[in-house]
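Q: I'd like to ask some things about the structure below.
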Amino acid sequence: MGEDDRAPSLHNVAANWCSPKTPVAAVAPADANPPLRAYSHPDSIAPRCAARTRKCLAGGAGFGPIVAEFDRLIMSLTPAQKRKLWKRLPTHRTEFPTLNLSVDLSRVDFPAGLYARSAKLLKPAFGAMKELEQGTIANPDEERMVGHYWLRNPALAPNPALARTIRACQKQIKAFAASVHSGKVRGQKGRFDHLLVIGIGGSALGPQFVANALGHPATDKITPHFFDNTDPDGIDRVLAGLKGKLGRTLVVVISKSGGTKETANGMLEAQAAYRRAKLDFARHFVAVTGADSDLDKRAIAEGWLERFPMWDWVGGRTSQTAAVGLLPAALQGFDIDALLKGAAECDKVTRTPDVRGNPSAQLALMWHWIGGGRGAKDMVLLPYKDRLELLSRYLQQLVMESLGKELDRKGRVVNQGIAVYGNKGSTDQHAYVQQLREGLHNFFVTFIEVLKDRDGRSIEVEPGITTGDYLSGFLLGTRDALYEKGRQSITLTVDEVSPFAVGVLIALFERAVGLYATMVNINAYHQPGVQAGKLAAGDVLKLQQKVVDYVAGFAAGAKGAKLTAEAIAAAVGAPAEAETVFKICERLSRNPGRGIQRKSGTTAGDAVYRAE
């Protein structure tokens, strides 16, 4: 069989199939409702060529020792397909030299002319982004501007006062970090050599990502720890690692309002730990919060070391270049100026109102094309670098909280969103890549390639081969193995994981999210679903107090009746909440000192409780 008789590449089949008469997602109305039925998507051709592809690709070439790791799958593309992909590379891969970044879309089978046909869709997105940076009200629910782009270029702020505020905050962060590093600001037991960050959501995910991406035990000026939940056992584990070290631990509490319960609880737990250690917690605590918030007032009243601002025009998921992220990074010893510069340079490039010159627009357009404008495909993030393993957790919030919306801007039900998951390569190749290649096709992959292996030279684990060579081989091989099965992927390449590169990645995805949101006509900058969960949790806690009070009173004044969950729910005036009452009683009965014990019963219906 000659090369011309081999299975055609998915790109060419898709390109031929997507005729100009066929509607494509990139030119479909962003607010189409119900969803369009006839997207020109390469998945649609898979059933027609799958059998022929399997037959023709069975004899793919090997790739040295790596082939065994993939069961001879990683080089399954035919020579003809590889040559076609090579020809695509000049037009589907873009280098952005000022960012030390390249974006490779050659493994996405979008049709010829997509960039040109997407102009109508992207023009409003570029316009909306320009208005956002100029200070328009982007969060109408709260009448707020959205100004995270000003944080790395204060000159863009809509008025001089805001610009001065941003610069003053950055100066304050650097001065405080320098005082800590020099020992001028110190704990009761000596220089601060540990850092405990207390926050949740954007107040933890960004700082954790940066701490892991840039940190190193040999160079960190302070060792970071995190309370990022209200889990008592999780708190205990962190405190166990700080046993005997609290007197040299600086605590940063991050909460815009001071009312976020997970953060407030973590603060109270930390303060209790300092009291048990007979230490003055105020001499170790600093706050990052809004002016005149509950936390701000508390920090003033208790005499905390320092207070740093949070502004209502910076959302939690876009706050890594605010004090939320810069303060922990500066304390750990990172070059925050380089991080800000990377973000600023990326902002500059991604203002380009043209897909070919704008890496964020390329990402947004590919998300739209692959997911049919409806988020039909999950995003699997595969960074081939241990330092970037927390990037997927960071992007889960940035992407899913921004894009996961029930209603569009016109109030119509659209249920938008893109699910994000992933860990790191090549670890994930031994976990779920099997399903990615051969199972349910409900995803696309974003590979992140880092060219620099390590500081210094590497040993050879085989003649002429290093551990970094294997890592690169696994990335390239997995990309081909997935593409051979019609699985689409984007590849981002950076030179190294540096403060500048981290700033670039943060800004790159922030802008992509904003552009995509306009393309699908949703508001990326509010999150009503988060508030709904908080309100529901508050209702549960109110019910819990009623249950505890009733059981205590019942034990004191009535005898003989059976306190089942159903009986308690009826007695406290919430007969429909029997299941919630059961869950409350079960948990409280497993924890000493909570006022309730389980007396008897083996099922939810016959479980009987009593006062502790």
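To be explicit about the labels: the chains of the structure tokens are called A, B, and onward in the order shown, and within each one the residues are counted from 1, while ligands get numbers from 1 in the order they are shown.
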Compile the contact shell of Arg298 in chain A as a list in words: residues with an atom at most 12 Å away, counting only C-alpha atoms, same-chain residues fewer than 4 positions apart removed.
A: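 Selected residues are Val253, Ser257, Gly258, Gly259, Ala264, Met267, Leu268, Ala282, Phe285, Val286, Ala287, Val288, Thr289, Gly290, Ala291, Asp292, Ser293, Asp294, Glu302, Gly303, Trp304, Leu305, Glu306 and Arg307 of chain A.
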Q: Closest to Gly473 in chain A among A:Ala272, A:Gly425, A:Ala211, A:Gly605, using only C-alpha atoms?
A: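 Closest candidate: A:Gly425.
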Q: Using only C-alpha atoms, determine which residues lie at most 12 Å from Ala157 in chain A, disregarding the query and same-chain residues fewer than 2 positions distant; provide the list as a ChimeraX atom specification.
A: /A:131-136,145-155,159-167,313
Q: Go ahead and dump the residues you just picked, N, CA, C and O atoms, as a CSV table (one decimal), in the first residue's frame.
A:
```
chain,number,residue,atom,x,y,z
A,131,GLU,N,-12.8,47.8,26.5
A,131,GLU,CA,-13.7,48.6,27.5
A,131,GLU,C,-13.4,48.2,28.9
A,131,GLU,O,-13.4,49.0,29.8
A,132,LEU,N,-13.1,46.9,29.1
A,132,LEU,CA,-12.8,46.4,30.5
A,132,LEU,C,-11.6,47.1,31.0
A,132,LEU,O,-11.6,47.6,32.2
A,133,GLU,N,-10.6,47.2,30.2
A,133,GLU,CA,-9.3,47.8,30.7
A,133,GLU,C,-9.5,49.3,30.9
A,133,GLU,O,-8.7,49.9,31.6
A,134,GLN,N,-10.5,49.9,30.2
A,134,GLN,CA,-10.7,51.3,30.4
A,134,GLN,C,-11.6,51.6,31.6
A,134,GLN,O,-11.8,52.8,31.9
A,135,GLY,N,-12.1,50.6,32.3
A,135,GLY,CA,-12.8,50.8,33.5
A,135,GLY,C,-14.3,50.7,33.5
A,135,GLY,O,-15.0,51.2,34.4
A,136,THR,N,-14.8,50.2,32.4
A,136,THR,CA,-16.3,50.0,32.3
A,136,THR,C,-16.8,49.1,33.4
A,136,THR,O,-16.0,48.2,34.0
A,145,MET,N,-16.0,47.6,38.6
A,145,MET,CA,-15.1,47.5,37.5
A,145,MET,C,-14.3,46.2,37.7
A,145,MET,O,-14.3,45.6,38.8
A,146,VAL,N,-13.6,45.7,36.7
A,146,VAL,CA,-12.7,44.6,36.8
A,146,VAL,C,-11.4,45.0,36.3
A,146,VAL,O,-11.1,45.2,35.1
A,147,GLY,N,-10.4,45.2,37.3
A,147,GLY,CA,-9.2,45.8,36.9
A,147,GLY,C,-7.9,45.1,37.2
A,147,GLY,O,-6.9,45.7,37.5
A,148,HIS,N,-7.9,43.7,37.1
A,148,HIS,CA,-6.7,43.0,37.3
A,148,HIS,C,-5.6,43.3,36.3
A,148,HIS,O,-4.4,43.1,36.6
A,149,TYR,N,-5.9,43.8,35.1
A,149,TYR,CA,-4.9,44.2,34.2
A,149,TYR,C,-4.1,45.4,34.6
A,149,TYR,O,-3.0,45.6,34.2
A,150,TRP,N,-4.7,46.2,35.4
A,150,TRP,CA,-4.0,47.4,35.9
A,150,TRP,C,-2.9,47.1,36.9
A,150,TRP,O,-2.0,47.8,37.1
A,151,LEU,N,-3.1,45.9,37.5
A,151,LEU,CA,-2.1,45.5,38.6
A,151,LEU,C,-0.7,45.4,38.0
A,151,LEU,O,0.3,45.7,38.8
A,152,ARG,N,-0.5,45.0,36.8
A,152,ARG,CA,0.8,44.9,36.2
A,152,ARG,C,1.2,46.1,35.3
A,152,ARG,O,2.3,46.1,34.7
A,153,ASN,N,0.2,47.0,35.1
A,153,ASN,CA,0.5,48.3,34.4
A,153,ASN,C,-0.4,49.3,35.0
A,153,ASN,O,-1.4,49.7,34.4
A,154,PRO,N,0.0,49.9,36.1
A,154,PRO,CA,-0.9,50.9,36.8
A,154,PRO,C,-1.2,52.1,35.9
A,154,PRO,O,-2.3,52.7,36.2
A,155,ALA,N,-0.4,52.4,34.9
A,155,ALA,CA,-0.7,53.5,34.0
A,155,ALA,C,-2.0,53.3,33.3
A,155,ALA,O,-2.7,54.3,32.8
A,159,ASN,N,-8.0,56.2,36.6
A,159,ASN,CA,-7.7,57.5,37.2
A,159,ASN,C,-6.4,57.4,38.0
A,159,ASN,O,-6.0,56.3,38.4
A,160,PRO,N,-5.8,58.6,38.2
A,160,PRO,CA,-4.5,58.6,38.8
A,160,PRO,C,-4.5,58.0,40.3
A,160,PRO,O,-3.5,57.5,40.7
A,161,ALA,N,-5.6,58.2,41.0
A,161,ALA,CA,-5.6,57.7,42.4
A,161,ALA,C,-5.5,56.2,42.4
A,161,ALA,O,-4.8,55.7,43.3
A,162,LEU,N,-6.1,55.5,41.5
A,162,LEU,CA,-6.0,54.1,41.5
A,162,LEU,C,-4.6,53.7,41.2
A,162,LEU,O,-4.1,52.7,41.8
A,163,ALA,N,-4.0,54.3,40.2
A,163,ALA,CA,-2.6,54.0,39.8
A,163,ALA,C,-1.7,54.2,41.0
A,163,ALA,O,-0.8,53.3,41.3
A,164,ARG,N,-1.9,55.3,41.8
A,164,ARG,CA,-1.0,55.5,43.0
A,164,ARG,C,-1.2,54.4,44.0
A,164,ARG,O,-0.3,54.0,44.7
A,165,THR,N,-2.5,54.0,44.2
A,165,THR,CA,-2.8,53.0,45.1
A,165,THR,C,-2.1,51.6,44.8
A,165,THR,O,-1.6,51.0,45.7
A,166,ILE,N,-2.1,51.3,43.5
A,166,ILE,CA,-1.5,50.0,43.1
A,166,ILE,C,0.0,50.1,43.4
A,166,ILE,O,0.6,49.2,43.9
A,167,ARG,N,0.6,51.2,43.0
A,167,ARG,CA,2.1,51.3,43.1
A,167,ARG,C,2.4,51.3,44.6
A,167,ARG,O,3.5,50.7,45.0
A,313,TRP,N,-12.5,45.8,42.9
A,313,TRP,CA,-12.4,45.6,41.5
A,313,TRP,C,-11.4,44.5,41.1
A,313,TRP,O,-11.1,44.4,39.9
```
Q: Of the candidates A:Asn212, A:Thr603, A:Gln429, A:Ser255, which shows the shortest atom-to-atom distance to Met310 in chain A, using only C-alpha atoms?
A: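 With only C-alpha atoms as the atom set, the closest residue is A:Ser255.
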Q: Pick from A:Gly316, A:Gly234, A:Pro217, A:Gly371: nearest to Phe443 in chain A, with only C-alpha atoms counted?
A: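 That would be A:Gly371, the residue with the smallest distance to Phe443 in chain A.
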Q: Excluding range 574-583 of chain A and its own-chain neighbours fewer than 2 positions away, which residues fall within 9 Å of it when counting only C-alpha atoms? Please give them as an NGL selection string.
A: :A and (540 or 543-544 or 547 or 564-572 or 585-588 or 604-605 or 607)
